[in-house]
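Have a look at input_12.txt; it's compact mmCIF, C-alpha atoms:
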# COMPACT_ATOMS: atom_id res chain seq x y z
CA MET A 17 8.55 29.66 12.24
CA THR A 18 10.25 33.08 11.96
CA VAL A 19 7.26 34.82 13.58
CA ALA A 20 7.30 32.32 16.45
CA VAL A 21 11.03 32.92 16.96
CA PHE A 22 10.47 36.68 16.90
CA PHE A 23 7.76 36.68 19.56
CA GLY A 24 9.44 33.98 21.64
CA CYS A 25 12.75 35.86 21.80
CA ALA A 26 10.97 39.18 22.38
CA PHE A 27 9.02 37.76 25.32
CA ILE A 28 12.14 36.17 26.82
CA ALA A 29 14.21 39.34 26.45
CA PHE A 30 11.65 41.93 27.54
CA GLY A 31 8.93 39.98 29.35
CA PRO A 32 10.37 40.32 32.89
CA ALA A 33 11.23 44.00 32.38
CA PHE A 34 7.74 44.68 31.02
CA SER A 35 6.21 42.91 34.02
CA LEU A 36 8.30 44.97 36.43
CA PHE A 37 7.20 48.12 34.65
CA VAL A 38 3.50 47.22 34.71
CA PHE A 39 3.34 46.07 38.33
CA THR A 40 5.80 48.44 40.02
CA ILE A 41 6.13 51.58 37.91
CA ALA A 42 3.26 52.23 35.49
CA ARG A 43 0.78 53.36 38.15
CA ASP A 44 3.09 56.05 39.54
CA PRO A 45 3.70 58.99 37.16
CA LEU A 46 6.78 60.04 39.11
CA ARG A 47 8.39 56.63 38.64
CA VAL A 48 7.55 56.71 34.93
CA ILE A 49 9.34 60.07 34.63
CA ILE A 50 12.41 58.72 36.44
CA LEU A 51 12.40 55.61 34.22
CA ILE A 52 12.26 57.65 31.01
CA ALA A 53 14.94 60.04 32.25
CA GLY A 54 17.18 57.09 33.14
CA ALA A 55 16.75 55.67 29.64
CA PHE A 56 17.59 59.11 28.24
CA PHE A 57 20.80 59.29 30.28
CA TRP A 58 21.83 55.89 28.92
CA LEU A 59 21.15 57.15 25.39
CA LEU A 60 23.36 60.18 26.04
CA SER A 61 26.21 57.94 27.16
CA LEU A 62 25.78 55.81 24.03
CA LEU A 63 25.79 58.89 21.81
CA LEU A 64 28.99 60.27 23.29
CA SER A 65 30.82 56.94 23.30
CA SER A 66 29.74 56.28 19.69
CA LEU A 67 31.01 59.71 18.69
CA VAL A 68 34.40 59.11 20.30
CA TRP A 69 34.71 55.67 18.68
CA PHE A 70 33.65 57.03 15.27
CA ILE A 71 36.26 59.81 15.43
CA SER A 72 38.92 57.29 16.50
CA ILE A 73 38.09 55.00 13.57
CA LYS A 74 38.15 57.82 11.04
CA ALA A 75 41.43 59.19 12.37
CA SER A 76 43.19 55.80 12.30
CA ASN A 77 44.57 53.62 9.55
CA SER A 78 41.73 51.36 8.37
CA GLN A 79 44.24 48.87 6.89
CA ASP A 80 45.86 48.18 10.26
CA LEU A 81 43.73 45.29 11.56
CA ARG A 82 45.47 45.11 14.92
CA LEU A 83 44.87 48.81 15.51
CA GLN A 84 41.21 48.43 14.54
CA ARG A 85 40.82 45.58 17.03
CA ASP A 86 42.46 47.66 19.76
CA LEU A 87 40.12 50.55 18.96
CA LEU A 88 37.15 48.20 19.23
CA ILE A 89 38.31 47.05 22.67
CA PHE A 90 38.87 50.68 23.66
CA GLY A 91 35.38 51.59 22.43
CA VAL A 92 33.71 48.84 24.44
CA PHE A 93 35.39 49.67 27.73
CA PHE A 94 35.16 53.43 27.21
CA SER A 95 31.42 53.01 26.65
CA VAL A 96 31.07 51.07 29.91
CA LEU A 97 32.96 53.70 31.88
CA LEU A 98 30.90 56.47 30.31
CA GLN A 99 27.68 54.67 31.23
CA GLU A 100 28.80 54.54 34.84
CA VAL A 101 29.75 58.23 34.75
CA PHE A 102 26.26 59.05 33.51
CA ARG A 103 24.76 56.78 36.17
CA PHE A 104 26.61 58.82 38.79
CA ALA A 105 25.49 62.07 37.14
CA TYR A 106 21.90 60.84 37.22
CA TYR A 107 22.24 59.96 40.89
CA ARG A 108 23.49 63.48 41.64
CA LEU A 109 20.64 64.99 39.64
CA LEU A 110 18.02 62.93 41.45
CA ARG A 111 19.48 63.77 44.85
CA LYS A 112 19.38 67.49 44.06
CA ALA A 113 15.83 67.14 42.76
CA THR A 114 14.51 65.32 45.86
CA GLU A 115 12.83 68.41 47.27
CA GLY A 116 11.28 69.21 43.93
CA LEU A 117 10.03 65.64 43.54
CA ALA A 118 8.46 65.86 47.01
CA ALA A 119 6.74 69.11 46.06
CA ILE A 120 4.97 67.59 43.04
CA SER A 121 4.00 64.43 44.92
CA ASP A 122 0.57 63.91 46.48
CA GLU A 123 2.22 62.70 49.69
CA ASP A 124 3.35 64.96 52.52
CA THR A 125 6.59 63.04 53.01
CA SER A 126 9.36 62.33 50.52
CA ALA A 127 7.92 61.48 47.12
CA ILE A 128 10.19 58.49 46.58
CA SER A 129 13.04 56.88 48.48
CA VAL A 130 16.60 56.69 47.19
CA ARG A 131 16.37 52.91 46.84
CA GLN A 132 13.18 53.21 44.82
CA MET A 133 14.80 55.83 42.60
CA ALA A 134 17.79 53.53 42.15
CA TYR A 135 15.57 50.62 41.13
CA VAL A 136 13.55 52.66 38.63
CA ALA A 137 16.61 54.39 37.18
CA GLY A 138 18.45 51.07 36.86
CA LEU A 139 15.49 49.53 35.08
CA GLY A 140 15.44 52.50 32.69
CA PHE A 141 19.12 51.94 31.92
CA GLY A 142 18.49 48.22 31.42
CA ILE A 143 15.45 48.55 29.17
CA MET A 144 17.15 50.98 26.83
CA SER A 145 20.36 48.93 26.79
CA GLY A 146 18.38 45.78 26.03
CA ALA A 147 16.38 47.49 23.29
CA PHE A 148 19.52 48.60 21.47
CA SER A 149 21.22 45.23 21.81
CA MET A 150 18.19 43.19 20.72
CA ILE A 151 16.30 45.23 18.13
CA ASN A 152 18.48 44.21 15.16
CA VAL A 153 18.46 40.57 16.27
CA LEU A 154 14.67 40.57 16.41
CA SER A 155 14.55 42.16 12.97
CA ASP A 156 16.77 39.41 11.54
CA SER A 157 14.71 36.71 13.23
CA LEU A 158 11.78 37.55 10.93
CA GLY A 159 13.76 36.17 8.00
CA PRO A 160 14.48 35.43 5.29
CA GLY A 161 16.95 32.72 6.16
CA THR A 162 17.44 29.99 8.73
CA VAL A 163 19.97 30.16 11.55
CA GLY A 164 22.44 27.28 11.52
CA ILE A 165 21.84 26.20 7.93
CA PHE A 166 25.56 26.55 7.16
CA GLY A 167 26.76 24.83 10.31
CA ASP A 168 26.56 27.80 12.69
CA SER A 169 24.95 27.54 16.10
CA GLN A 170 21.18 27.24 16.06
CA TYR A 171 20.99 28.85 19.49
CA TYR A 172 21.95 32.35 18.38
CA PHE A 173 18.53 33.98 18.82
CA ILE A 174 17.71 32.29 22.12
CA THR A 175 21.19 33.13 23.42
CA ALA A 176 20.80 36.76 22.40
CA ALA A 177 17.40 36.90 24.12
CA LEU A 178 18.76 35.41 27.35
CA MET A 179 21.70 37.80 27.22
CA THR A 180 19.37 40.78 26.84
CA LEU A 181 17.28 39.54 29.76
CA ALA A 182 20.38 39.15 31.92
CA LEU A 183 21.81 42.57 31.01
CA THR A 184 18.48 44.28 31.70
CA LEU A 185 18.32 42.74 35.17
CA LEU A 186 22.02 43.43 35.75
CA HIS A 187 21.54 47.13 35.03
CA THR A 188 18.66 47.14 37.50
CA PHE A 189 20.73 45.49 40.24
CA TRP A 190 23.76 47.64 39.42
CA GLY A 191 21.62 50.76 39.68
CA VAL A 192 20.49 49.85 43.19
CA LEU A 193 24.01 48.91 44.32
CA PHE A 194 25.56 51.99 42.72
CA PHE A 195 23.08 54.42 44.28
CA GLU A 196 23.44 52.77 47.68
CA GLY A 197 27.22 52.96 47.40
CA CYS A 198 27.00 56.66 46.60
CA GLU A 199 24.46 57.29 49.35
CA LYS A 200 26.53 55.58 52.06
CA SER A 201 29.97 56.50 50.63
CA ARG A 202 30.84 52.84 50.09
CA TRP A 203 33.27 53.34 47.23
CA TRP A 204 34.17 49.66 47.10
CA VAL A 205 30.56 48.93 46.10
CA ILE A 206 30.82 51.43 43.25
CA ALA A 207 34.14 49.90 42.20
CA ALA A 208 32.57 46.42 42.26
CA VAL A 209 29.70 47.58 40.03
CA VAL A 210 32.07 49.15 37.51
CA SER A 211 34.35 46.09 37.55
CA LEU A 212 31.43 43.70 36.99
CA HIS A 213 30.14 45.89 34.17
CA LEU A 214 33.56 45.87 32.49
CA LEU A 215 33.86 42.09 32.93
CA VAL A 216 30.41 41.40 31.49
CA ALA A 217 31.06 43.77 28.56
CA GLY A 218 34.29 41.92 27.80
CA LEU A 219 32.57 38.53 27.91
CA VAL A 220 29.71 39.67 25.69
CA SER A 221 31.93 41.40 23.12
CA PHE A 222 34.83 39.00 22.75
CA THR A 223 33.59 35.50 23.71
CA TRP A 224 30.33 35.11 21.78
CA THR A 225 29.34 31.48 22.31
CA HIS A 226 26.15 30.11 23.84
CA THR A 227 28.10 28.54 26.72
CA PHE A 228 29.21 31.86 28.24
CA THR A 229 25.54 32.77 28.85
CA VAL A 230 25.78 30.61 31.97
CA HIS A 231 28.54 32.88 33.31
CA ILE A 232 26.50 36.02 32.63
CA HIS A 233 23.49 34.62 34.48
CA TYR A 234 25.83 33.67 37.33
CA PHE A 235 26.86 37.33 37.55
CA THR A 236 23.18 38.27 37.49
CA SER A 237 22.49 35.94 40.41
CA THR A 238 25.49 37.29 42.31
CA SER A 239 24.43 40.90 41.77
CA SER A 240 20.90 40.11 42.93
CA GLN A 241 22.23 38.51 46.13
CA LEU A 242 24.37 41.59 46.82
CA ARG A 243 21.35 43.78 46.17
CA PHE A 244 19.22 42.03 48.82
CA ARG A 245 21.86 41.91 51.54
Could the structure of this file be written out as structure tokens, please?
Amino acid sequence: MTVAVFFGCAFIAFGPAFSLFVFTIARDPLRVIILIAGAFFWLLSLLLSSLVWFISIKASNSQDLRLQRDLLIFGVFFSVLLQEVFRFAYYRLLRKATEGLAAISDEDTSAISVRQMAYVAGLGFGIMSGAFSMINVLSDSLGPGTVGIFGDSQYYFITAALMTLALTLLHTFWGVLFFEGCEKSRWWVIAAVVSLHLLVAGLVSFTWTHTFTVHIHYFTSTSSQLRFR
């Protein structure tokens, strides 16, 4: 049963992202490079935010539970803001590298459009974010133990898998919206992306029940509709 749960949750969480990679990215080396670089930028943001949170924890009073909770809230929202800062830095880097990307492309025109770069970069952010959020859950799903045996929710693994799926897609949609907002100087779009990211992070971190998954997938649907307008 544990092996079935492992593969089922893994396919739910990463199946759509893997399909997008295979059918839209894998055949183009340039897109693969942009995807890997996007994942690397997300890792850098995680490293810096983890460092700041670690220093804050060590410098504070570990016996003060209220302070520790406030530091946790600070760490979550600081991490979100830092991710968006690195998304903007990656956008600037890609824009400056457009001529270089065109030079190494087989085509005479621009190697890749801004919207394509945004999609690939956003998927890179989402895949790496999903991997870090889901890897420990998948490890625990292999056992030993049974979820819900002591009265807890039996939907923990499936909820975590659906959350990872939603966050991966959200990062992809946010990447497209964010890049388009930067490209057309629509700062309200950028503000909407950051606000949605903060809201989703708050829901994920501080309201962990299987019912709030519906709200996260609603945000995913809303972001996708904004993306295609």
Check: Hey, what's within 9 Å of range 198-203 of chain A if we count all atoms listed in the file and toss same-chain stuff fewer than 4 positions away? As a list in words, please?
Finding: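 The filter keeps Phe104, Tyr107, Val130, Leu193, Phe194, Ala207 and Ala208 of chain A.
Every protein or nucleic acid residue with an atom no more than 12 Å from Phe148 in chain A, counting all atoms listed in the file and leaving out same-chain residues fewer than 3 positions away, appears here: A:Ala29, A:Phe30, A:Ala55, A:Trp58, A:Leu59, A:Leu62, A:Phe141, A:Gly142, A:Ile143, A:Met144, A:Ser145, A:Ile151, A:Asn152, A:Val153, A:Leu154, A:Ser155, A:Ala176, A:Thr180, A:Leu183, A:Thr184.
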Notebook entry, point to check: What does the distance between CA of Pro160 in chain A and CA of Ile28 in chain A come to in Å, to one decimal place?
Noted result: 21.7 Å
Check: For the atom pair CA of Arg43 in chain A and CA of Thr114 in chain A, what is the interatomic distance in Å to one decimal place?
Finding: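 About the pair CA of Arg43 in chain A and CA of Thr114 in chain A: they are 19.8 Å apart.
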Checklist line | Distance in Å - CA of Phe189 in chain A versus CA of Tyr135 in chain A | finding: 7.3 Å
Note to self: I'd like to know which of A:Ala134, A:Ala113, A:Leu51, A:Gly218 is closest to Ile89 in chain A, using all atoms listed in the file.
What the structure shows: A:Gly218
Item checked: Exercise: Leu110 in chain A partners within 12 Å, all atoms listed in the file, chain neighbours under 6 positions left out, as a list in words ->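 Residues meeting the cut-off are Leu46, Arg47, Ile49, Ile50, Leu51, Ala53, Gly54, Arg103, Phe104, Gly116, Leu117, Ala118, Ala127, Ile128, Ser129, Val130, Arg131, Gln132, Met133, Ala134, Val136, Ala137, Phe195 and Glu199 of chain A.
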Preceding selection exported with C-alpha atoms as an mmCIF file, in the frame of the given file:
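Saved to result_10.cif:
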data_model
loop_
_atom_site.group_PDB
_atom_site.id
_atom_site.type_symbol
_atom_site.label_atom_id
_atom_site.label_comp_id
_atom_site.auth_asym_id
_atom_site.auth_seq_id
_atom_site.Cartn_x
_atom_site.Cartn_y
_atom_site.Cartn_z
ATOM 1 C CA LEU A 46 6.780 60.040 39.110
ATOM 2 C CA ARG A 47 8.390 56.630 38.640
ATOM 3 C CA ILE A 49 9.340 60.070 34.630
ATOM 4 C CA ILE A 50 12.410 58.720 36.440
ATOM 5 C CA LEU A 51 12.400 55.610 34.220
ATOM 6 C CA ALA A 53 14.940 60.040 32.250
ATOM 7 C CA GLY A 54 17.180 57.090 33.140
ATOM 8 C CA ARG A 103 24.760 56.780 36.170
ATOM 9 C CA PHE A 104 26.610 58.820 38.790
ATOM 10 C CA GLY A 116 11.280 69.210 43.930
ATOM 11 C CA LEU A 117 10.030 65.640 43.540
ATOM 12 C CA ALA A 118 8.460 65.860 47.010
ATOM 13 C CA ALA A 127 7.920 61.480 47.120
ATOM 14 C CA ILE A 128 10.190 58.490 46.580
ATOM 15 C CA SER A 129 13.040 56.880 48.480
ATOM 16 C CA VAL A 130 16.600 56.690 47.190
ATOM 17 C CA ARG A 131 16.370 52.910 46.840
ATOM 18 C CA GLN A 132 13.180 53.210 44.820
ATOM 19 C CA MET A 133 14.800 55.830 42.600
ATOM 20 C CA ALA A 134 17.790 53.530 42.150
ATOM 21 C CA VAL A 136 13.550 52.660 38.630
ATOM 22 C CA ALA A 137 16.610 54.390 37.180
ATOM 23 C CA PHE A 195 23.080 54.420 44.280
ATOM 24 C CA GLU A 199 24.460 57.290 49.350
#
Margin query: My list of candidates is A:Ala42, A:Ser211, A:Ser72, A:Gly138. Which is closest to Leu186 in chain A when distances are computed with all atoms listed in the file?
Written below: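 Nearest candidate to Leu186 in chain A out of A:Ala42, A:Ser211, A:Ser72, A:Gly138: A:Gly138.
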Could you please fill out range 102-113 of chain A with all heavy atoms and send it back as a short mmCIF file (atom, residue, chain, number, x, y, z; two decimals), in the coordinates of the input?
data_model
loop_
_atom_site.label_atom_id
_atom_site.label_comp_id
_atom_site.auth_asym_id
_atom_site.auth_seq_id
_atom_site.Cartn_x
_atom_site.Cartn_y
_atom_site.Cartn_z
N PHE A 102 27.60 58.50 33.65
CA PHE A 102 26.26 59.05 33.51
C PHE A 102 25.33 58.50 34.58
O PHE A 102 24.38 59.19 35.00
CB PHE A 102 25.71 58.74 32.12
CG PHE A 102 26.05 59.79 31.10
CD1 PHE A 102 27.29 59.82 30.50
CD2 PHE A 102 25.13 60.77 30.76
CE1 PHE A 102 27.61 60.80 29.57
CE2 PHE A 102 25.44 61.74 29.83
CZ PHE A 102 26.68 61.76 29.23
N ARG A 103 25.56 57.29 35.06
CA ARG A 103 24.76 56.78 36.17
C ARG A 103 25.01 57.62 37.43
O ARG A 103 24.08 57.94 38.16
CB ARG A 103 25.11 55.31 36.45
CG ARG A 103 24.05 54.58 37.28
CD ARG A 103 24.56 53.25 37.79
NE ARG A 103 25.01 52.36 36.74
CZ ARG A 103 24.21 51.51 36.10
NH1 ARG A 103 22.94 51.45 36.38
NH2 ARG A 103 24.71 50.70 35.17
N PHE A 104 26.29 57.97 37.65
CA PHE A 104 26.61 58.82 38.79
C PHE A 104 26.02 60.21 38.62
O PHE A 104 25.50 60.80 39.58
CB PHE A 104 28.13 58.92 38.96
CG PHE A 104 28.56 59.81 40.09
CD1 PHE A 104 28.42 59.39 41.40
CD2 PHE A 104 29.08 61.07 39.84
CE1 PHE A 104 28.81 60.20 42.45
CE2 PHE A 104 29.48 61.89 40.88
CZ PHE A 104 29.34 61.46 42.19
N ALA A 105 26.08 60.76 37.40
CA ALA A 105 25.49 62.07 37.14
C ALA A 105 23.99 62.05 37.38
O ALA A 105 23.41 63.01 37.93
CB ALA A 105 25.81 62.52 35.71
N TYR A 106 23.34 60.95 37.00
CA TYR A 106 21.90 60.84 37.22
C TYR A 106 21.58 60.74 38.70
O TYR A 106 20.58 61.31 39.17
CB TYR A 106 21.36 59.63 36.45
CG TYR A 106 19.86 59.57 36.37
CD1 TYR A 106 19.11 60.72 36.16
CD2 TYR A 106 19.18 58.37 36.50
CE1 TYR A 106 17.73 60.68 36.08
CE2 TYR A 106 17.80 58.31 36.42
CZ TYR A 106 17.08 59.47 36.21
OH TYR A 106 15.71 59.42 36.15
N TYR A 107 22.42 60.03 39.43
CA TYR A 107 22.24 59.96 40.89
C TYR A 107 22.32 61.35 41.51
O TYR A 107 21.48 61.73 42.33
CB TYR A 107 23.30 59.05 41.51
CG TYR A 107 23.46 59.25 42.99
CD1 TYR A 107 22.55 58.72 43.90
CD2 TYR A 107 24.54 60.00 43.50
CE1 TYR A 107 22.69 58.92 45.27
CE2 TYR A 107 24.69 60.19 44.86
CZ TYR A 107 23.76 59.66 45.74
OH TYR A 107 23.90 59.86 47.08
N ARG A 108 23.33 62.12 41.10
CA ARG A 108 23.49 63.48 41.64
C ARG A 108 22.29 64.35 41.28
O ARG A 108 21.81 65.14 42.11
CB ARG A 108 24.77 64.10 41.10
CG ARG A 108 26.05 63.39 41.53
CD ARG A 108 26.29 63.52 43.02
NE ARG A 108 26.46 64.92 43.41
CZ ARG A 108 26.55 65.34 44.68
NH1 ARG A 108 26.47 64.43 45.66
NH2 ARG A 108 26.71 66.60 44.96
N LEU A 109 21.80 64.21 40.07
CA LEU A 109 20.64 64.99 39.64
C LEU A 109 19.41 64.64 40.46
O LEU A 109 18.67 65.53 40.91
CB LEU A 109 20.38 64.74 38.15
CG LEU A 109 19.14 65.44 37.57
CD1 LEU A 109 19.31 66.95 37.61
CD2 LEU A 109 18.89 64.98 36.14
N LEU A 110 19.18 63.35 40.69
CA LEU A 110 18.02 62.93 41.45
C LEU A 110 18.12 63.38 42.91
O LEU A 110 17.10 63.76 43.51
CB LEU A 110 17.87 61.40 41.38
CG LEU A 110 17.39 60.84 40.04
CD1 LEU A 110 17.37 59.31 40.09
CD2 LEU A 110 16.01 61.37 39.67
N ARG A 111 19.31 63.33 43.46
CA ARG A 111 19.48 63.77 44.85
C ARG A 111 19.18 65.25 44.99
O ARG A 111 18.54 65.68 45.95
CB ARG A 111 20.91 63.47 45.32
CG ARG A 111 21.19 62.01 45.58
CD ARG A 111 20.30 61.46 46.67
NE ARG A 111 20.56 62.04 47.96
CZ ARG A 111 19.71 62.07 48.97
NH1 ARG A 111 18.50 61.60 48.82
NH2 ARG A 111 20.05 62.60 50.13
N LYS A 112 19.64 66.05 44.01
CA LYS A 112 19.38 67.49 44.06
C LYS A 112 17.91 67.81 43.81
O LYS A 112 17.40 68.85 44.23
CB LYS A 112 20.25 68.20 43.03
CG LYS A 112 21.73 68.25 43.39
CD LYS A 112 22.53 69.02 42.35
CE LYS A 112 24.00 69.12 42.74
NZ LYS A 112 24.20 69.91 43.98
N ALA A 113 17.23 66.91 43.11
CA ALA A 113 15.83 67.14 42.76
C ALA A 113 14.86 66.54 43.78
O ALA A 113 13.65 66.57 43.56
CB ALA A 113 15.53 66.57 41.38
#
